[in-house]
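See below for the structure under consideration.
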Amino acid sequence: MTGPGDRSGTDAEQGATAPGGGFRKGAFGVSGSGDTSGFGGLVRVEPGGAVALHSTERPYGGYFDEVTDALIDAVGQATYDAAVQRVLADRGEITYFVAREHLLTLVRALRDDEALRFELCSSVSGVDYLDSGGPAAGPGRPRLHVVLHLTSMTYRRRIRLEVAVTAEDPHVPSVTSVYPTADWHERETWDMFGVVFDGHPALTRILMPDDWDGHPQRKDYPLGGVPVEYHDATIPPPDTRRSYR
């Protein structure tokens with residue numbers, strides 16, 4: 001019996017290789033052996049590859065253009081152009097990719113301007129795009145991203161800000177002086193991804209022990225683990241299994 005996407009023979013038998021350029025083949029990106037998911041012929045855009053360089057053209061739609069115009073009025077066109085590197089409107093969300101040196105200027109305007117009133121920072125989180133497809137991570141494409149979700153309770157609107165930094169210089173200004181709710185969120189992002197939030201009142205670990213070495217949600221963090229033994233079988237640690245190497 002065959003499932004969707006099955007091909008005669010395994011990838012190795014066909015001489016197939018995993019697509020590059022920001023695309024992933026199969027359900028799990030495994031190459032060189034059979035894909036038991038039944039989706040071996042599936043080709044998908046990698047999570048980071050689809051948005052590596054893309055910027056949405058205006059009009060963005062909905063209230064997104066109103067927010068953008070109000071933000072430009074609040075900070076000035078020159079500051080907006082220097083601060084916002086690109087804008088992505090996708091799946092009912094708008095994301096402003098912000099240069100870190102202008103982050104505090106933007107969030108103060110977003111919170112205080114009468115036409116904006118984004119009073120709540122509901123989330124600060126991190127992403128590591130080390131091996132997510134698209135252009136290779138480097139100075140021109142920083143791998144560590146900090147994502148802020150802002151909510152206007154006055155106008156019932158939501159936007160996202162995203163700041164990208166390199167692993168060699170993972171510094172982002174803390175927004176706790178503007179949004180106190182970001183305190184523990186920034187601590188978790190530091191703990192898991194190693195992003196240093198300059199100006200945070202007490203940037204310490206929140207999940208891992210204080211003396212823990214490394215940041216567990218970085219893509220290059222070793223998985224580790226111990227072998228698990230069953231009757232007549234042993235399951236190796238995650239970092240020694242084929243699909244993780």
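Identifiers in this document derive from the order of the structure tokens: chains are assigned A, B, ..., residues are numbered from 1 separately in each chain, and ligands are numbered from 1 in order of occurrence.
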### Task
Compile the contact shell of Met192 in chain A as a ChimeraX atom specification: residues with an atom at most 7 Å away, counting only C-alpha atoms, same-chain residues fewer than 2 positions apart removed.
/A:188-190,194,215-217
With N, CA and C atoms retained, write the just-selected residues as a tab-separated table (two decimals), in the first residue's frame.
```
chain	number	residue	atom	x	y	z
A	188	GLU	N	13.19	35.04	29.83
A	188	GLU	CA	13.06	33.72	29.20
A	188	GLU	C	13.76	33.70	27.85
A	189	THR	N	13.64	34.79	27.08
A	189	THR	CA	14.31	34.84	25.78
A	189	THR	C	15.82	34.83	25.94
A	190	TRP	N	16.32	35.52	26.97
A	190	TRP	CA	17.76	35.45	27.28
A	190	TRP	C	18.14	34.03	27.67
A	194	GLY	N	19.80	33.30	24.47
A	194	GLY	CA	21.03	34.05	24.67
A	194	GLY	C	21.00	35.46	24.15
A	215	HIS	N	22.36	27.98	25.84
A	215	HIS	CA	20.97	28.43	25.72
A	215	HIS	C	20.21	27.36	24.91
A	216	PRO	N	19.33	26.61	25.58
A	216	PRO	CA	18.81	25.36	25.02
A	216	PRO	C	18.00	25.45	23.74
A	217	GLN	N	17.41	26.61	23.40
A	217	GLN	CA	16.60	26.65	22.18
A	217	GLN	C	17.36	27.21	20.98
```
Fewer than 6 positions away in the same chain doesn't count, so skip those; otherwise give me all residues within 12 Å of Val84 in chain A, counting only C-alpha atoms, as a PDB file with N, CA and C atoms, in the first residue's frame.
```pdb
ATOM      1  N   SER A  55       9.308  41.729   1.427  1.00  0.00           N
ATOM      2  CA  SER A  55       8.625  42.861   2.041  1.00  0.00           C
ATOM      3  C   SER A  55       7.330  43.105   1.285  1.00  0.00           C
ATOM      4  N   THR A  68       0.390  52.251  10.161  1.00  0.00           N
ATOM      5  CA  THR A  68       1.654  52.669   9.560  1.00  0.00           C
ATOM      6  C   THR A  68       1.696  54.177   9.366  1.00  0.00           C
ATOM      7  N   LEU A  71       2.124  55.862  12.709  1.00  0.00           N
ATOM      8  CA  LEU A  71       3.482  55.696  13.218  1.00  0.00           C
ATOM      9  C   LEU A  71       4.442  56.650  12.514  1.00  0.00           C
ATOM     10  N   ILE A  72       4.279  56.822  11.206  1.00  0.00           N
ATOM     11  CA  ILE A  72       5.115  57.765  10.459  1.00  0.00           C
ATOM     12  C   ILE A  72       4.885  59.188  10.969  1.00  0.00           C
ATOM     13  N   VAL A  75       6.700  59.575  14.553  1.00  0.00           N
ATOM     14  CA  VAL A  75       8.165  59.597  14.664  1.00  0.00           C
ATOM     15  C   VAL A  75       8.841  60.378  13.547  1.00  0.00           C
ATOM     16  N   GLY A  76       8.101  60.684  12.494  1.00  0.00           N
ATOM     17  CA  GLY A  76       8.684  61.376  11.351  1.00  0.00           C
ATOM     18  C   GLY A  76       9.125  60.395  10.279  1.00  0.00           C
ATOM     19  N   GLN A  77       9.023  60.811   9.028  1.00  0.00           N
ATOM     20  CA  GLN A  77       9.349  59.924   7.915  1.00  0.00           C
ATOM     21  C   GLN A  77      10.801  59.474   7.945  1.00  0.00           C
ATOM     22  N   ALA A  78      11.709  60.388   8.274  1.00  0.00           N
ATOM     23  CA  ALA A  78      13.135  60.036   8.274  1.00  0.00           C
ATOM     24  C   ALA A  78      13.443  58.976   9.318  1.00  0.00           C
ATOM     25  N   THR A  95       3.946  42.656  10.502  1.00  0.00           N
ATOM     26  CA  THR A  95       5.201  42.622  11.237  1.00  0.00           C
ATOM     27  C   THR A  95       6.116  43.713  10.704  1.00  0.00           C
ATOM     28  N   TYR A  96       6.596  44.541  11.626  1.00  0.00           N
ATOM     29  CA  TYR A  96       7.576  45.571  11.290  1.00  0.00           C
ATOM     30  C   TYR A  96       8.953  45.072  11.735  1.00  0.00           C
ATOM     31  N   PHE A  97       9.872  44.939  10.789  1.00  0.00           N
ATOM     32  CA  PHE A  97      11.231  44.510  11.105  1.00  0.00           C
ATOM     33  C   PHE A  97      12.040  45.766  11.431  1.00  0.00           C
ATOM     34  N   VAL A  98      12.495  45.856  12.667  1.00  0.00           N
ATOM     35  CA  VAL A  98      13.013  47.099  13.221  1.00  0.00           C
ATOM     36  C   VAL A  98      14.506  46.990  13.509  1.00  0.00           C
ATOM     37  N   ALA A  99      15.252  48.028  13.156  1.00  0.00           N
ATOM     38  CA  ALA A  99      16.654  48.122  13.554  1.00  0.00           C
ATOM     39  C   ALA A  99      16.713  48.352  15.063  1.00  0.00           C
ATOM     40  N   ARG A 100      17.571  47.603  15.749  1.00  0.00           N
ATOM     41  CA  ARG A 100      17.543  47.598  17.205  1.00  0.00           C
ATOM     42  C   ARG A 100      17.811  48.970  17.818  1.00  0.00           C
ATOM     43  N   GLU A 101      18.625  49.791  17.163  1.00  0.00           N
ATOM     44  CA  GLU A 101      18.949  51.099  17.740  1.00  0.00           C
ATOM     45  C   GLU A 101      17.753  52.051  17.744  1.00  0.00           C
ATOM     46  N   HIS A 102      16.694  51.709  17.004  1.00  0.00           N
ATOM     47  CA  HIS A 102      15.501  52.553  16.966  1.00  0.00           C
ATOM     48  C   HIS A 102      14.314  51.912  17.680  1.00  0.00           C
ATOM     49  N   LEU A 103      14.521  50.763  18.312  1.00  0.00           N
ATOM     50  CA  LEU A 103      13.392  50.037  18.900  1.00  0.00           C
ATOM     51  C   LEU A 103      12.675  50.861  19.964  1.00  0.00           C
ATOM     52  N   THR A 105      12.557  54.063  20.444  1.00  0.00           N
ATOM     53  CA  THR A 105      11.847  55.209  19.866  1.00  0.00           C
ATOM     54  C   THR A 105      10.490  54.785  19.324  1.00  0.00           C
ATOM     55  N   LEU A 106      10.453  53.647  18.656  1.00  0.00           N
ATOM     56  CA  LEU A 106       9.196  53.182  18.070  1.00  0.00           C
ATOM     57  C   LEU A 106       8.200  52.741  19.133  1.00  0.00           C
ATOM     58  N   LEU A 161       6.466  43.443  16.203  1.00  0.00           N
ATOM     59  CA  LEU A 161       7.770  44.027  15.899  1.00  0.00           C
ATOM     60  C   LEU A 161       8.797  42.907  15.952  1.00  0.00           C
ATOM     61  N   GLU A 162       9.736  42.929  15.032  1.00  0.00           N
ATOM     62  CA  GLU A 162      10.765  41.884  15.004  1.00  0.00           C
ATOM     63  C   GLU A 162      12.131  42.528  14.840  1.00  0.00           C
ATOM     64  N   VAL A 163      13.056  42.131  15.716  1.00  0.00           N
ATOM     65  CA  VAL A 163      14.422  42.654  15.701  1.00  0.00           C
ATOM     66  C   VAL A 163      15.366  41.478  15.497  1.00  0.00           C
ATOM     67  N   ALA A 164      16.273  41.593  14.534  1.00  0.00           N
ATOM     68  CA  ALA A 164      17.203  40.512  14.223  1.00  0.00           C
ATOM     69  C   ALA A 164      18.622  40.913  14.588  1.00  0.00           C
TER      70      ALA A 164
END
```
### Query
Any idea what the distance is between CA of Pro209 in chain A and CA of His171 in chain A?
21.7 Å
### Task
Can you pull out every residue within 7 Å of Glu186 in chain A, counting only C-alpha atoms, but drop anything in the same chain fewer than 4 positions away, and send it as a PyMOL selection string?
chain A and resi 124+182+190+197
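Look at range 212-214 of chain A: the protein and nucleic acid residues within 12 Å of it, using only C-alpha atoms and passing over chain neighbours fewer than 5 places away, are Trp190, Asp191, Met192, Phe193, Gly194, Val195, Thr204, Arg205, Ile206, Leu207, Lys219, Asp220, Tyr221, Pro222 and Leu223 of chain A.
With only C-alpha atoms as the atoms that count, the minimum distance from Gly199 in chain A to the choices A:His185, A:Val172, A:Ala167, A:Val127 is reached by A:Val172.
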### Query
Near Asp113 in chain A, counting only C-alpha atoms, which residues have an atom at most 12 Å away, once you skip same-chain residues fewer than 3 positions from it, shown as a VMD selection string?
chain A and resid 67 70 to 75 105 to 110 116 to 119 152 154
Give the helix (DSSP H, G or I) residues of range 46-233 of chain A, as DSSP finds them on the backbone, and put them as a PDB file with C-alpha atoms, in the first residue's frame.
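Below is the file states_21.pdb, written as the result:
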```pdb
ATOM      1  CA  GLY A  49      13.152  30.824   3.714  1.00  0.00           C
ATOM      2  CA  ALA A  50       9.793  32.286   2.737  1.00  0.00           C
ATOM      3  CA  VAL A  51      10.339  35.591   4.524  1.00  0.00           C
ATOM      4  CA  PHE A  64      -2.485  48.105   8.908  1.00  0.00           C
ATOM      5  CA  ASP A  65      -2.179  51.187   6.694  1.00  0.00           C
ATOM      6  CA  GLU A  66      -3.769  53.388   9.348  1.00  0.00           C
ATOM      7  CA  VAL A  67      -1.263  52.156  11.936  1.00  0.00           C
ATOM      8  CA  THR A  68       1.654  52.669   9.560  1.00  0.00           C
ATOM      9  CA  ASP A  69       0.583  56.212   8.654  1.00  0.00           C
ATOM     10  CA  ALA A  70       0.050  57.090  12.330  1.00  0.00           C
ATOM     11  CA  LEU A  71       3.482  55.696  13.218  1.00  0.00           C
ATOM     12  CA  ILE A  72       5.115  57.765  10.459  1.00  0.00           C
ATOM     13  CA  ASP A  73       3.326  60.878  11.733  1.00  0.00           C
ATOM     14  CA  ALA A  74       4.435  60.131  15.304  1.00  0.00           C
ATOM     15  CA  VAL A  75       8.165  59.597  14.664  1.00  0.00           C
ATOM     16  CA  GLN A  77       9.349  59.924   7.915  1.00  0.00           C
ATOM     17  CA  ALA A  78      13.135  60.036   8.274  1.00  0.00           C
ATOM     18  CA  THR A  79      13.108  58.134  11.575  1.00  0.00           C
ATOM     19  CA  TYR A  80      10.585  55.618  10.242  1.00  0.00           C
ATOM     20  CA  ASP A  81      12.704  54.948   7.153  1.00  0.00           C
ATOM     21  CA  ALA A  82      15.807  54.449   9.309  1.00  0.00           C
ATOM     22  CA  ALA A  83      14.020  52.293  11.877  1.00  0.00           C
ATOM     23  CA  ARG A 100      17.543  47.598  17.205  1.00  0.00           C
ATOM     24  CA  GLU A 101      18.949  51.099  17.740  1.00  0.00           C
ATOM     25  CA  HIS A 102      15.501  52.553  16.966  1.00  0.00           C
ATOM     26  CA  LEU A 103      13.392  50.037  18.900  1.00  0.00           C
ATOM     27  CA  LEU A 104      12.767  52.193  21.979  1.00  0.00           C
ATOM     28  CA  THR A 105      11.847  55.209  19.866  1.00  0.00           C
ATOM     29  CA  LEU A 106       9.196  53.182  18.070  1.00  0.00           C
ATOM     30  CA  VAL A 107       7.685  51.460  21.101  1.00  0.00           C
ATOM     31  CA  ARG A 108       7.364  54.766  22.976  1.00  0.00           C
ATOM     32  CA  ALA A 109       5.491  56.248  20.033  1.00  0.00           C
ATOM     33  CA  LEU A 110       3.352  53.138  19.648  1.00  0.00           C
ATOM     34  CA  ARG A 111       2.360  53.287  23.310  1.00  0.00           C
ATOM     35  CA  ASP A 112       1.890  57.039  23.767  1.00  0.00           C
ATOM     36  CA  ALA A 182       8.149  42.380  29.169  1.00  0.00           C
ATOM     37  CA  ASP A 183      10.329  41.716  32.246  1.00  0.00           C
ATOM     38  CA  TRP A 184       9.982  37.934  32.571  1.00  0.00           C
ATOM     39  CA  HIS A 185       9.466  37.480  28.818  1.00  0.00           C
ATOM     40  CA  GLU A 186      12.888  39.009  28.152  1.00  0.00           C
ATOM     41  CA  ARG A 187      14.427  36.860  30.873  1.00  0.00           C
ATOM     42  CA  GLU A 188      13.065  33.720  29.201  1.00  0.00           C
ATOM     43  CA  THR A 189      14.307  34.839  25.779  1.00  0.00           C
ATOM     44  CA  TRP A 190      17.761  35.447  27.278  1.00  0.00           C
ATOM     45  CA  ASP A 191      17.664  32.078  29.040  1.00  0.00           C
ATOM     46  CA  MET A 192      16.590  30.058  25.983  1.00  0.00           C
ATOM     47  CA  PHE A 193      18.232  31.992  23.113  1.00  0.00           C
TER      48      PHE A 193
END
```
### Query
CA of Arg218 in chain A to CA of Asp128 in chain A: how many Å, to one decimal?
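Value for the CA of Arg218 in chain A-CA of Asp128 in chain A distance: 5.9 Å.
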### Message
When DSSP is applied to the backbone of this structure, which of range 40-214 of chain A are assigned strand (DSSP E)? Write them out as number ranges by chain.
### Response
A: 43-45, 84-90, 93-98, 120-128, 144-152, 157-165, 171-173, 196-198
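Going from CA of Ala89 in chain A to CA of Arg141 in chain A covers 19.8 Å.
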